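Student: Before I ask anything, let me first share the structure, which is written out below as structure tokens.
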Amino acid sequence: MQIVHTIAELRQVLKARALPNDVALVPTMGNLHDGHLALVRQARERVGAAGTVAASIFVNRLQFAPHEDFDRYPRTLARDAELLAGVGCDLVFAPDEREMYPQPQTYQVLPDPALAELLEGRFRPGFFTGVCTIVMKLFTIVQPQLAIFGKKDYQQLMVLRRMVEQFALPIEVIAGETRRSEQGLALSSRNGYLSDAERTQALQLSAALRGLLERVRRDGAAADLAVIEAEAHAALAVQGWAPDYLTVRRRTDLQAPDAAERAAGIPLVALGAARLGATRLIDNVEG
Ligand SMILES: Nc1ncnc2c1ncn2[C@@H]1O[C@H](COP(=O)(O)OP(=O)(O)OP(=O)(O)O)[C@@H](O)[C@H]1O
Ligand SMILES: CC(C)(CO)[C@@H](O)C(=O)[O-]
Ligand code: BAL
């Protein structure tokens, strides 16, 4: 496995490969866990032994608001590289900020507001602009044929898929299923911020989302979404969380399903974000 820190080195390595047109990219912010490693394995399955699996590690300042955890986000490159080598990654691109943003990134990619201004976008204004801008930049640098993103960041995956579609980028976007702990906690770098007690308590978020989805399914056309969501919100708050949102949406466009759609049993997803102490977690459940 090769580790490169500059765009020039990366281009050289990619050019020298036998099959330069069979590159899969797994973008990450590092501090890797089994969820990331599953994406790398999935990439390998898709490109085969002869293809190239590249992972990027870059904590992208552009997608963090000033009050968020950019400064304390864990940077663990040596350990990440060992883990990536262990799952057969070929190439790690780990640029520093000067390499990615040698000048202020004043050209940016504005995501479709219909997708990006709700849910995460409402609570993290500018987040998806930061994500789309860095992912577009990674795409132009690495020029992969395939890119893999996790469903744990469900809305991010949808926003990026639409970006690829609208710019007609020649890249296939693949979704990786959410990896969970045995108890059901979605693996996330930010779980590292949790105390042992909080880690146990964190299971309440996915449980709340499963409960919400089951109730909407059970009540069908009769479900009063606003009431059911408000009750789920209040129940999580009583358990000590500060929820941003807990909601059931259509899987196609993240809009609320109407009564006819609920009666017809269209594909839904329950999505949530909530703070436990100082840690903000997100999760979602399809059903
Ligand atoms: N549990 C998981 N299962 C599958 N994919 C995941 C999981 N967690 C993260 N990913 C995916 O890995 C990629 C990189 O994510 P990132 O580096 O932000 O990790 P993260 O664990 O989501 O971090 P954070 O806690 O900061 O949100 C994204 O495509 C993300 O959706
Ligand atoms: C896609 C991504 C690597 C862009 O910085 C980030 O948002 C993430 O890790 O999900
Ligand atoms: N995992 C998504 C990246 C972020 O929360 O900043």
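Note on naming: chains are A, B, ... as they come in the structure tokens, residues start from 1 per chain, ligands start from 1 in the order shown.
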Could I get the residues of chain A with an atom no further than 10 Å from an atom of ligand 3, each paired with its nearest atom pair and that distance in Å to one decimal, using only C-alpha atoms and all ligand atoms, sorted by chain and residue number, as a Markdown table?

Tutor:
```
| residue | atom | partner | partner_atom_place_in_ligand_line | distance |
| --- | --- | --- | --- | --- |
| A:Thr28 | CA | ligand 3 | 1 (N) | 7.9 |
| A:Met29 | CA | ligand 3 | 3 (C) | 7.3 |
| A:Val59 | CA | ligand 3 | 6 (O) | 8.2 |
| A:Asn60 | CA | ligand 3 | 6 (O) | 7.8 |
| A:Arg61 | CA | ligand 3 | 6 (O) | 8.9 |
| A:Leu62 | CA | ligand 3 | 6 (O) | 9.3 |
| A:Gln63 | CA | ligand 3 | 6 (O) | 6.1 |
| A:Phe64 | CA | ligand 3 | 6 (O) | 6.4 |
| A:Ala65 | CA | ligand 3 | 6 (O) | 9.5 |
| A:Glu68 | CA | ligand 3 | 6 (O) | 9.1 |
| A:Asp69 | CA | ligand 3 | 6 (O) | 8.8 |
| A:Phe70 | CA | ligand 3 | 6 (O) | 8.5 |
| A:Tyr73 | CA | ligand 3 | 6 (O) | 9.5 |
| A:Glu120 | CA | ligand 3 | 5 (O) | 9.2 |
| A:Arg124 | CA | ligand 3 | 5 (O) | 9.3 |
| A:Phe127 | CA | ligand 3 | 6 (O) | 7.4 |
| A:Phe128 | CA | ligand 3 | 6 (O) | 9.1 |
| A:Gly130 | CA | ligand 3 | 6 (O) | 9.0 |
| A:Val131 | CA | ligand 3 | 3 (C) | 7.7 |
| A:Phe149 | CA | ligand 3 | 1 (N) | 9.6 |
| A:Gly150 | CA | ligand 3 | 1 (N) | 8.7 |
| A:Lys152 | CA | ligand 3 | 1 (N) | 7.8 |
| A:Asp153 | CA | ligand 3 | 1 (N) | 6.0 |
| A:Tyr154 | CA | ligand 3 | 2 (C) | 9.6 |
| A:Gln155 | CA | ligand 3 | 2 (C) | 9.8 |
| A:Gln156 | CA | ligand 3 | 2 (C) | 7.5 |
| A:Leu157 | CA | ligand 3 | 2 (C) | 9.9 |
| A:Ser188 | CA | ligand 3 | 1 (N) | 7.6 |
| A:Ser189 | CA | ligand 3 | 1 (N) | 8.0 |
| A:Arg190 | CA | ligand 3 | 5 (O) | 8.5 |
| A:Arg280 | CA | ligand 3 | 5 (O) | 9.0 |
| A:Leu281 | CA | ligand 3 | 5 (O) | 8.7 |
| A:Ile282 | CA | ligand 3 | 5 (O) | 8.6 |
```

Student: Now that the selection is made, can you save its residues with C-alpha atoms as a PDB file, in the first residue's frame?

Tutor:
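Contents of again-v9.pdb, as written:
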```
ATOM      1  CA  THR A  28     -13.116   9.423   4.675  1.00  0.00           C
ATOM      2  CA  MET A  29     -12.145  11.830   7.402  1.00  0.00           C
ATOM      3  CA  VAL A  59     -10.699  16.343   7.800  1.00  0.00           C
ATOM      4  CA  ASN A  60     -12.407  18.946   5.685  1.00  0.00           C
ATOM      5  CA  ARG A  61     -12.636  22.290   7.461  1.00  0.00           C
ATOM      6  CA  LEU A  62     -15.171  23.549   4.894  1.00  0.00           C
ATOM      7  CA  GLN A  63     -17.922  21.254   6.173  1.00  0.00           C
ATOM      8  CA  PHE A  64     -17.557  22.237   9.833  1.00  0.00           C
ATOM      9  CA  ALA A  65     -19.273  25.261  11.361  1.00  0.00           C
ATOM     10  CA  GLU A  68     -18.307  22.311  15.651  1.00  0.00           C
ATOM     11  CA  ASP A  69     -15.582  19.763  16.416  1.00  0.00           C
ATOM     12  CA  PHE A  70     -13.050  20.445  13.629  1.00  0.00           C
ATOM     13  CA  TYR A  73     -11.713  15.646  15.428  1.00  0.00           C
ATOM     14  CA  GLU A 120     -28.748  17.808   8.402  1.00  0.00           C
ATOM     15  CA  ARG A 124     -25.631  22.289   9.878  1.00  0.00           C
ATOM     16  CA  PHE A 127     -22.422  21.406   5.631  1.00  0.00           C
ATOM     17  CA  PHE A 128     -23.433  19.915   2.289  1.00  0.00           C
ATOM     18  CA  GLY A 130     -18.543  21.804   2.177  1.00  0.00           C
ATOM     19  CA  VAL A 131     -19.090  18.106   1.504  1.00  0.00           C
ATOM     20  CA  PHE A 149     -20.263   6.189   0.613  1.00  0.00           C
ATOM     21  CA  GLY A 150     -21.946   4.771   3.711  1.00  0.00           C
ATOM     22  CA  LYS A 152     -24.986   5.911   7.889  1.00  0.00           C
ATOM     23  CA  ASP A 153     -24.748   9.373   6.323  1.00  0.00           C
ATOM     24  CA  TYR A 154     -27.940   8.758   4.364  1.00  0.00           C
ATOM     25  CA  GLN A 155     -28.666  12.290   3.248  1.00  0.00           C
ATOM     26  CA  GLN A 156     -25.022  12.870   2.308  1.00  0.00           C
ATOM     27  CA  LEU A 157     -25.172   9.829   0.026  1.00  0.00           C
ATOM     28  CA  SER A 188     -19.063   6.342  13.915  1.00  0.00           C
ATOM     29  CA  SER A 189     -15.789   8.118  14.545  1.00  0.00           C
ATOM     30  CA  ARG A 190     -17.633  10.420  16.902  1.00  0.00           C
ATOM     31  CA  ARG A 280     -23.871  14.816  18.188  1.00  0.00           C
ATOM     32  CA  LEU A 281     -24.841  11.483  16.629  1.00  0.00           C
ATOM     33  CA  ILE A 282     -26.872  10.678  13.535  1.00  0.00           C
TER      34      ILE A 282
END
```

Student: Segment 220-234 of chain A: which residues within 6 Å, counting only C-alpha atoms, same-chain residues fewer than 3 positions away excluded, as a PyMOL selection string?

Tutor: chain A and resi 216-217+237+247+259+262-263

Student: Could you turn the residues from that selection into a file that holds N, CA and C atoms, as a PDB file, in the first residue's frame?

Tutor:
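Printed below is again.pdb as written:
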```pdb
ATOM      1  N   VAL A 216     -45.304   4.388  12.387  1.00  0.00           N
ATOM      2  CA  VAL A 216     -45.822   4.962  11.134  1.00  0.00           C
ATOM      3  C   VAL A 216     -46.319   3.835  10.228  1.00  0.00           C
ATOM      4  N   ARG A 217     -45.592   2.758  10.183  1.00  0.00           N
ATOM      5  CA  ARG A 217     -46.016   1.600   9.379  1.00  0.00           C
ATOM      6  C   ARG A 217     -47.339   1.044   9.898  1.00  0.00           C
ATOM      7  N   ALA A 237     -35.801  13.123  24.595  1.00  0.00           N
ATOM      8  CA  ALA A 237     -35.378  14.235  25.459  1.00  0.00           C
ATOM      9  C   ALA A 237     -35.473  13.821  26.930  1.00  0.00           C
ATOM     10  N   THR A 247     -37.452  11.844  12.299  1.00  0.00           N
ATOM     11  CA  THR A 247     -38.493  12.002  11.290  1.00  0.00           C
ATOM     12  C   THR A 247     -38.541  10.798  10.348  1.00  0.00           C
ATOM     13  N   ALA A 259     -50.594  10.449   3.163  1.00  0.00           N
ATOM     14  CA  ALA A 259     -51.407   9.332   3.683  1.00  0.00           C
ATOM     15  C   ALA A 259     -51.513   8.199   2.665  1.00  0.00           C
ATOM     16  N   ARG A 262     -48.351   6.266   2.595  1.00  0.00           N
ATOM     17  CA  ARG A 262     -48.182   5.432   3.801  1.00  0.00           C
ATOM     18  C   ARG A 262     -49.068   4.200   3.688  1.00  0.00           C
ATOM     19  N   ALA A 263     -50.280   4.415   3.174  1.00  0.00           N
ATOM     20  CA  ALA A 263     -51.199   3.272   3.010  1.00  0.00           C
ATOM     21  C   ALA A 263     -50.644   2.276   2.002  1.00  0.00           C
TER      22      ALA A 263
END
```

Student: Quick one: everything within 12 Å of Ala202 of chain A, counting only C-alpha atoms, minus sequence neighbours fewer than 3 positions away in the same chain. Send it as a compact mmCIF listing (two decimals) with N, CA and C atoms, in the first residue's frame.

Tutor:
```
# COMPACT_ATOMS: atom_id res chain seq x y z
N ARG A 180 -22.90 -1.78 12.41
CA ARG A 180 -23.31 -1.49 13.78
C ARG A 180 -22.53 -2.36 14.77
N SER A 181 -22.49 -1.92 16.01
CA SER A 181 -21.94 -2.76 17.07
C SER A 181 -22.94 -3.91 17.28
N GLN A 183 -24.67 -4.56 19.71
CA GLN A 183 -25.88 -4.06 20.37
C GLN A 183 -26.73 -3.20 19.44
N GLY A 184 -26.15 -2.74 18.32
CA GLY A 184 -26.95 -1.98 17.36
C GLY A 184 -26.54 -0.53 17.20
N LEU A 185 -25.46 -0.11 17.88
CA LEU A 185 -25.01 1.28 17.72
C LEU A 185 -24.29 1.44 16.37
N ALA A 186 -24.74 2.40 15.58
CA ALA A 186 -24.07 2.66 14.29
C ALA A 186 -22.63 3.07 14.56
N LEU A 187 -21.68 2.39 13.93
CA LEU A 187 -20.28 2.77 14.14
C LEU A 187 -20.07 4.17 13.59
N SER A 188 -19.31 4.96 14.31
CA SER A 188 -19.06 6.34 13.91
C SER A 188 -17.80 6.82 14.62
N ARG A 190 -17.27 9.59 15.76
CA ARG A 190 -17.63 10.42 16.90
C ARG A 190 -18.06 9.59 18.12
N ASN A 191 -18.29 8.28 17.96
CA ASN A 191 -18.58 7.45 19.15
C ASN A 191 -17.41 7.51 20.12
N GLY A 192 -16.22 7.80 19.59
CA GLY A 192 -15.03 7.90 20.45
C GLY A 192 -15.13 9.02 21.47
N TYR A 193 -16.02 9.97 21.25
CA TYR A 193 -16.20 11.05 22.23
C TYR A 193 -17.03 10.59 23.42
N LEU A 194 -17.73 9.44 23.29
CA LEU A 194 -18.70 9.02 24.33
C LEU A 194 -18.00 8.36 25.51
N SER A 195 -18.52 8.59 26.71
CA SER A 195 -18.07 7.84 27.89
C SER A 195 -18.69 6.44 27.80
N ASP A 196 -18.24 5.50 28.67
CA ASP A 196 -18.80 4.14 28.63
C ASP A 196 -20.31 4.18 28.85
N ALA A 197 -20.73 5.00 29.81
CA ALA A 197 -22.17 5.07 30.11
C ALA A 197 -22.93 5.64 28.91
N GLU A 198 -22.36 6.66 28.29
CA GLU A 198 -23.02 7.26 27.13
C GLU A 198 -23.09 6.28 25.95
N ARG A 199 -22.06 5.46 25.83
CA ARG A 199 -22.02 4.50 24.72
C ARG A 199 -23.20 3.52 24.84
N LEU A 205 -30.88 5.92 20.42
CA LEU A 205 -31.19 6.66 19.18
C LEU A 205 -31.73 5.71 18.10
N SER A 206 -31.03 4.60 17.86
CA SER A 206 -31.53 3.68 16.81
C SER A 206 -32.84 3.05 17.26
N ALA A 207 -32.96 2.80 18.58
CA ALA A 207 -34.21 2.22 19.09
C ALA A 207 -35.37 3.19 18.83
N ALA A 208 -35.12 4.47 19.07
CA ALA A 208 -36.18 5.48 18.84
C ALA A 208 -36.57 5.50 17.37
N LEU A 236 -37.13 10.90 23.68
CA LEU A 236 -35.66 10.87 23.68
C LEU A 236 -35.12 11.99 24.60
N GLN A 239 -35.03 10.96 28.04
CA GLN A 239 -33.90 10.04 28.32
C GLN A 239 -32.56 10.78 28.39
N GLY A 240 -32.59 12.11 28.25
CA GLY A 240 -31.37 12.89 28.45
C GLY A 240 -30.70 13.38 27.17
N TRP A 241 -31.37 13.20 26.03
CA TRP A 241 -30.81 13.65 24.76
C TRP A 241 -31.32 15.04 24.40
N ALA A 273 -31.05 12.88 14.35
CA ALA A 273 -29.79 13.46 14.84
C ALA A 273 -30.07 13.99 16.23
N ALA A 274 -29.17 13.71 17.15
CA ALA A 274 -29.40 14.17 18.52
C ALA A 274 -28.07 14.24 19.25
N ARG A 275 -28.02 15.14 20.21
CA ARG A 275 -26.81 15.28 21.02
C ARG A 275 -26.96 14.54 22.34
N LEU A 276 -25.91 13.81 22.67
CA LEU A 276 -25.83 13.13 23.97
C LEU A 276 -24.62 13.74 24.65
N GLY A 277 -24.85 14.53 25.69
CA GLY A 277 -23.74 15.31 26.25
C GLY A 277 -23.20 16.22 25.17
N THR A 279 -21.73 15.21 22.42
CA THR A 279 -21.54 14.47 21.17
C THR A 279 -22.82 14.45 20.35
N ARG A 280 -22.70 14.85 19.08
CA ARG A 280 -23.87 14.82 18.19
C ARG A 280 -23.77 13.57 17.32
N LEU A 281 -24.81 12.72 17.41
CA LEU A 281 -24.84 11.48 16.63
C LEU A 281 -25.97 11.54 15.62
N ILE A 282 -25.77 10.84 14.48
CA ILE A 282 -26.87 10.68 13.54
C ILE A 282 -27.06 9.19 13.27
N ASP A 283 -28.26 8.83 12.84
CA ASP A 283 -28.51 7.44 12.48
C ASP A 283 -29.77 7.40 11.61
```

Student: Please determine, counting only C-alpha atoms and all ligand atoms, which residue among A:Leu118, A:Leu83, A:Leu14, A:Met136 has the shortest atom-to-atom distance to ligand 2.

Tutor: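 That would be A:Met136, the residue with the smallest distance to ligand 2.
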
Student: Between A:Ala55, A:Cys132, A:Leu37, A:Val142, which is the closest to Gln12 of chain A once you count only C-alpha atoms?

Tutor: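 So, comparing all the options, the nearest one is A:Val142.
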
Student: Excluding same-chain residues fewer than 2 positions from Val13 of chain A, what lies within 12 Å of it counting only C-alpha atoms, as a list in words?

Tutor: Met1, Gln2, Ile3, Val4, His5, Thr6, Ile7, Ala8, Glu9, Leu10, Arg11, Lys15, Ala16, Arg17, Ala18, Leu19, Pro20, Val23, Thr52, Ala54, Asp90, Leu91, Val92, Phe93 and Val142 of chain A

Student: To one decimal place, how far is atom CA of Arg41 of chain A from atom CA of Cys89 of chain A in Å?

Tutor: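 Straight-line distance from atom CA of Arg41 of chain A to atom CA of Cys89 of chain A works out to 8.2 Å.
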
Student: Using only C-alpha atoms and all ligand atoms, which of the listed residues (A:Ile141, A:Ile148, A:Val87, A:Ala81) sits closest to ligand 2?

Tutor: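 Of A:Ile141, A:Ile148, A:Val87, A:Ala81, the one nearest ligand 2 is A:Ile148, counting only C-alpha atoms and all ligand atoms.
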